[in-house]
$ cat model-v4.cif   # mmCIF, C-alpha atoms
data_input
loop_
_atom_site.label_atom_id
_atom_site.label_comp_id
_atom_site.auth_asym_id
_atom_site.auth_seq_id
_atom_site.Cartn_x
_atom_site.Cartn_y
_atom_site.Cartn_z
CA MET A 1 -8.85 -36.97 -14.80
CA ARG A 2 -10.63 -33.65 -14.57
CA GLN A 3 -9.58 -30.80 -12.34
CA ILE A 4 -11.91 -29.66 -9.58
CA LYS A 5 -12.71 -26.02 -10.18
CA VAL A 6 -14.51 -23.82 -7.71
CA VAL A 7 -15.32 -20.52 -9.35
CA PRO A 8 -16.94 -17.23 -8.33
CA TYR A 9 -20.71 -17.00 -8.61
CA ASP A 10 -21.92 -16.43 -12.16
CA ALA A 11 -25.31 -14.74 -12.64
CA SER A 12 -25.77 -16.68 -15.91
CA TRP A 13 -26.39 -19.81 -13.82
CA VAL A 14 -29.93 -18.58 -13.13
CA ASN A 15 -30.68 -18.46 -16.85
CA ALA A 16 -29.01 -21.85 -17.41
CA TYR A 17 -31.35 -23.25 -14.76
CA ARG A 18 -34.41 -21.65 -16.36
CA ILE A 19 -33.55 -23.02 -19.80
CA GLU A 20 -33.04 -26.54 -18.46
CA LYS A 21 -36.14 -26.31 -16.26
CA SER A 22 -38.23 -25.58 -19.33
CA LYS A 23 -36.86 -28.66 -21.13
CA LEU A 24 -37.39 -30.87 -18.09
CA GLU A 25 -40.95 -29.62 -17.61
CA GLN A 26 -41.73 -30.73 -21.16
CA ILE A 27 -40.35 -34.22 -20.52
CA PHE A 28 -41.80 -34.84 -17.06
CA SER A 29 -44.91 -32.65 -17.35
CA LYS A 30 -47.36 -35.31 -16.17
CA GLU A 31 -45.25 -36.25 -13.17
CA ILE A 32 -43.89 -32.93 -11.81
CA VAL A 33 -45.14 -31.66 -8.48
CA ASP A 34 -42.39 -29.04 -8.09
CA ILE A 35 -38.97 -28.11 -9.41
CA TYR A 36 -36.14 -26.23 -7.68
CA HIS A 37 -32.73 -24.78 -8.47
CA ILE A 38 -30.59 -26.10 -5.62
CA GLY A 39 -26.91 -26.42 -4.80
CA SER A 40 -24.23 -23.77 -4.83
CA THR A 41 -25.13 -22.33 -8.24
CA SER A 42 -28.50 -21.29 -6.80
CA VAL A 43 -26.91 -19.00 -4.19
CA PRO A 44 -25.64 -15.55 -5.25
CA ASN A 45 -22.07 -14.76 -4.17
CA LEU A 46 -21.26 -18.41 -3.37
CA TYR A 47 -18.20 -19.95 -4.98
CA ALA A 48 -19.23 -23.14 -6.73
CA LYS A 49 -18.31 -25.91 -9.07
CA PRO A 50 -20.14 -24.68 -12.19
CA ILE A 51 -22.72 -27.47 -12.21
CA ILE A 52 -26.43 -26.60 -12.18
CA ASP A 53 -28.25 -28.79 -9.64
CA ILE A 54 -31.96 -29.21 -10.19
CA LEU A 55 -34.35 -30.96 -7.81
CA ILE A 56 -37.57 -32.31 -9.31
CA VAL A 57 -40.38 -33.56 -7.09
CA VAL A 58 -42.60 -36.10 -8.83
CA LYS A 59 -45.81 -37.98 -8.12
CA HIS A 60 -44.46 -41.46 -8.96
CA ILE A 61 -40.72 -42.16 -8.86
CA GLU A 62 -41.06 -45.44 -10.78
CA ASN A 63 -42.44 -43.56 -13.79
CA VAL A 64 -39.26 -41.49 -14.13
CA ASP A 65 -37.48 -44.47 -15.69
CA LEU A 66 -39.94 -44.30 -18.59
CA TYR A 67 -38.35 -40.99 -19.64
CA ASN A 68 -34.70 -42.11 -19.72
CA SER A 69 -34.54 -42.12 -23.53
CA GLN A 70 -35.89 -38.56 -23.68
CA MET A 71 -33.32 -37.50 -21.09
CA MET A 72 -30.59 -39.14 -23.19
CA LYS A 73 -31.68 -36.98 -26.14
CA LEU A 74 -30.97 -33.93 -23.94
CA GLY A 75 -27.50 -35.29 -23.19
CA TYR A 76 -28.20 -36.84 -19.80
CA ILE A 77 -26.94 -40.15 -18.46
CA ALA A 78 -29.31 -41.98 -16.11
CA LYS A 79 -27.55 -43.11 -12.93
CA GLY A 80 -30.56 -44.74 -11.23
CA GLU A 81 -30.78 -44.23 -7.49
CA ASN A 82 -27.03 -43.56 -7.30
CA GLY A 83 -26.77 -44.37 -3.60
CA LEU A 84 -30.06 -42.89 -2.36
CA SER A 85 -33.17 -45.03 -2.36
CA ASN A 86 -36.26 -43.56 -4.00
CA ARG A 87 -34.18 -41.11 -6.03
CA ARG A 88 -33.34 -40.90 -9.71
CA PHE A 89 -30.15 -39.09 -10.62
CA PHE A 90 -29.02 -37.82 -14.02
CA ILE A 91 -25.78 -36.16 -15.08
CA LYS A 92 -25.09 -34.08 -18.17
CA GLY A 93 -21.77 -33.11 -19.67
CA GLY A 94 -19.64 -36.21 -19.04
CA ASN A 95 -16.23 -35.27 -17.62
CA HIS A 96 -17.16 -31.60 -17.94
CA ARG A 97 -20.45 -31.85 -16.11
CA THR A 98 -22.90 -29.04 -16.54
CA HIS A 99 -26.04 -30.34 -14.80
CA HIS A 100 -27.15 -32.75 -12.10
CA ILE A 101 -30.82 -33.70 -11.87
CA HIS A 102 -32.06 -35.12 -8.57
CA ILE A 103 -35.59 -36.53 -8.71
CA PHE A 104 -37.54 -37.56 -5.62
CA PRO A 105 -41.14 -38.63 -5.11
CA GLU A 106 -43.27 -36.19 -3.15
CA TYR A 107 -43.43 -38.57 -0.17
CA GLU A 108 -39.64 -38.24 0.36
CA GLN A 109 -40.15 -34.97 2.23
CA ALA A 110 -37.00 -35.30 4.33
CA GLU A 111 -34.78 -35.39 1.23
CA ILE A 112 -36.65 -32.57 -0.47
CA ILE A 113 -36.62 -30.33 2.59
CA ARG A 114 -32.93 -31.07 3.23
CA HIS A 115 -31.97 -29.65 -0.16
CA VAL A 116 -34.34 -26.68 -0.07
CA ALA A 117 -33.45 -25.82 3.54
CA VAL A 118 -29.73 -25.62 2.78
CA ARG A 119 -30.37 -23.38 -0.21
CA ASP A 120 -32.74 -21.09 1.69
CA TYR A 121 -30.45 -20.97 4.73
CA LEU A 122 -27.55 -19.86 2.55
CA LEU A 123 -29.73 -17.30 0.79
CA ASN A 124 -30.44 -15.78 4.20
CA HIS A 125 -26.98 -16.02 5.81
CA PRO A 126 -24.31 -14.10 3.83
CA ARG A 127 -21.56 -14.79 6.40
CA VAL A 128 -22.14 -18.52 6.06
CA VAL A 129 -22.01 -18.13 2.26
CA LYS A 130 -18.64 -16.40 2.52
CA ALA A 131 -17.18 -19.01 4.89
CA TYR A 132 -18.54 -21.93 2.85
CA GLY A 133 -17.20 -20.47 -0.38
CA GLU A 134 -13.74 -19.99 1.16
CA PHE A 135 -13.81 -23.55 2.51
CA LYS A 136 -14.66 -24.98 -0.93
CA GLN A 137 -11.86 -22.95 -2.53
CA GLN A 138 -9.39 -24.39 0.00
CA LEU A 139 -10.58 -27.93 -0.74
CA ALA A 140 -10.23 -27.37 -4.49
CA VAL A 141 -6.60 -26.30 -3.95
CA LYS A 142 -5.93 -29.22 -1.61
CA PHE A 143 -7.60 -31.83 -3.87
CA PRO A 144 -7.30 -30.42 -7.42
CA PHE A 145 -7.63 -33.82 -9.13
CA ASP A 146 -9.15 -35.90 -6.34
CA SER A 147 -12.94 -35.71 -6.37
CA GLU A 148 -13.20 -38.32 -3.60
CA GLY A 149 -10.84 -36.28 -1.40
CA TYR A 150 -12.80 -33.12 -2.15
CA TRP A 151 -16.07 -34.87 -1.30
CA GLN A 152 -14.67 -36.41 1.91
CA GLY A 153 -13.25 -33.03 2.91
CA LYS A 154 -16.69 -31.47 2.51
CA TYR A 155 -18.66 -34.25 4.19
CA ASN A 156 -18.55 -33.18 7.87
CA TYR A 157 -18.87 -29.51 6.95
CA MET A 158 -21.98 -30.27 4.89
CA LYS A 159 -23.53 -32.39 7.64
CA GLN A 160 -23.17 -29.47 10.07
CA LEU A 161 -24.47 -27.01 7.45
CA GLU A 162 -27.49 -29.26 6.82
CA SER A 163 -28.17 -29.52 10.56
CA ASP A 164 -27.98 -25.73 11.01
CA ALA A 165 -30.14 -25.20 7.93
CA LEU A 166 -32.82 -27.65 9.04
CA GLN A 167 -33.01 -26.10 12.52
CA TRP A 168 -33.36 -22.66 10.94
CA TYR A 169 -35.87 -23.90 8.33
CA LYS A 170 -38.15 -25.52 10.91
CA LYS A 171 -38.49 -22.23 12.80
#
$ encode --input "model-v4.cif" --output "structure tokens"
Amino acid sequence: MRQIKVVPYDASWVNAYRIEKSKLEQIFSKEIVDIYHIGSTSVPNLYAKPIIDILIVVKHIENVDLYNSQMMKLGYIAKGENGLSNRRFFIKGGNHRTHHIHIFPEYEQAEIIRHVAVRDYLLNHPRVVKAYGEFKQQLAVKFPFDSEGYWQGKYNYMKQLESDALQWYKK
């Protein structure tokens, strides 16, 4: 069982994203519409689990499966839709995860905007970043070896954050 660690922002996460983005662009070059660094590691000054989240928007979601073997060569495990229809999800690093790749087709605008809106909202609201970081630190202390508890603890907070972010984003 791995411990949940929420750590201070690390500027090297930007470079880790860029390196991985370059590799992913080579694999999915024919399919990519856009690619984003999302999640907590994309927001300066935000405490985060040190996992780089990358969102890739593709033309045809069904074609992503054709690249699973190439993703495996980069150390990724394909998780299929993993609970969200029309998504492909990959993890890297096993029990010590380093990357999550979320792939959506360009027609899944609601999912794409949801992720980008939260990131952009946090980038523009430093007080929210501070409060969210403190909240995640508290959860990591409360649920040090319970990822389900950590996730459940974050669920309502994240739903409200998403709602606030989407309202802000649409303006």
$ atom_distance --input "model-v4.cif" --atom1 "atom CA of A:Asp53" --atom2 "atom CA of A:Ser22"
14.3 Å
$ residues_around --input "model-v4.cif" --residues "A:Glu162" --least-positions-apart "4" --cutoff "9 Å" --atoms "only C-alpha atoms" --output "PDB file with C-alpha atoms, in the coordinates of the input"
ATOM      1  CA  ARG A 114     -32.930 -31.070   3.230  1.00  0.00           C
ATOM      2  CA  HIS A 115     -31.970 -29.650  -0.160  1.00  0.00           C
ATOM      3  CA  ALA A 117     -33.450 -25.820   3.540  1.00  0.00           C
ATOM      4  CA  VAL A 118     -29.730 -25.620   2.780  1.00  0.00           C
ATOM      5  CA  TYR A 157     -18.870 -29.510   6.950  1.00  0.00           C
ATOM      6  CA  MET A 158     -21.980 -30.270   4.890  1.00  0.00           C
ATOM      7  CA  LEU A 166     -32.820 -27.650   9.040  1.00  0.00           C
ATOM      8  CA  GLN A 167     -33.010 -26.100  12.520  1.00  0.00           C
TER       9      GLN A 167
END
$ residues_around --input "model-v4.cif" --residues "stretch 24-27 of chain A" --least-positions-apart "5" --cutoff "8 Å" --atoms "only C-alpha atoms" --output "tab-separated table (two decimals) with C-alpha atoms, keeping the file's coordinate frame"
chain	number	residue	atom	x	y	z
A	32	ILE	CA	-43.89	-32.93	-11.81
A	67	TYR	CA	-38.35	-40.99	-19.64
A	70	GLN	CA	-35.89	-38.56	-23.68
A	71	MET	CA	-33.32	-37.50	-21.09
$ closest_residue --input "model-v4.cif" --among "A:Arg88, A:Lys73, A:Tyr132, A:Phe104" --to "A:Ile35" --atoms "all atoms listed in the file"
A:Phe104
$ residues_around --input "model-v4.cif" --residues "A:Ala165" --least-positions-apart "4" --cutoff "10 Å" --atoms "only C-alpha atoms" --output "list in words"
Ile113, Arg114, His115, Val116, Ala117, Val118, Arg119, Asp120, Tyr121, Leu122, His125, Lys159, Gln160, Leu161, Tyr169 and Lys170 of chain A
$ closest_residue --input "model-v4.cif" --among "A:Val33, A:Met72, A:Leu66, A:Ile91" --to "A:Ile52" --atoms "only C-alpha atoms"
A:Ile91
$ residues_around --input "model-v4.cif" --residues "stretch 145-152 of chain A" --least-positions-apart "2" --cutoff "8 Å" --atoms "all atoms listed in the file" --output "PyMOL selection string"
chain A and resi 1-4+139-140+142-143+154-156
$ write_last_selection --input "model-v4.cif" --atoms "C-alpha atoms" --output "CSV table (one decimal), in the coordinates of the input"
chain,number,residue,atom,x,y,z
A,1,MET,CA,-8.8,-37.0,-14.8
A,2,ARG,CA,-10.6,-33.6,-14.6
A,3,GLN,CA,-9.6,-30.8,-12.3
A,4,ILE,CA,-11.9,-29.7,-9.6
A,139,LEU,CA,-10.6,-27.9,-0.7
A,140,ALA,CA,-10.2,-27.4,-4.5
A,142,LYS,CA,-5.9,-29.2,-1.6
A,143,PHE,CA,-7.6,-31.8,-3.9
A,154,LYS,CA,-16.7,-31.5,2.5
A,155,TYR,CA,-18.7,-34.2,4.2
A,156,ASN,CA,-18.6,-33.2,7.9
$ atom_distance --input "model-v4.cif" --atom1 "atom CA of A:Lys59" --atom2 "atom CA of A:Asn86"
11.8 Å
$ closest_residue --input "model-v4.cif" --among "A:Gly75, A:Val129, A:Trp168, A:Gly83" --to "A:Gly39" --atoms "all atoms listed in the file"
A:Val129
$ closest_residue --input "model-v4.cif" --among "A:Arg87, A:Lys49, A:Lys136, A:His100" --to "A:Tyr9" --atoms "all atoms listed in the file"
A:Lys49
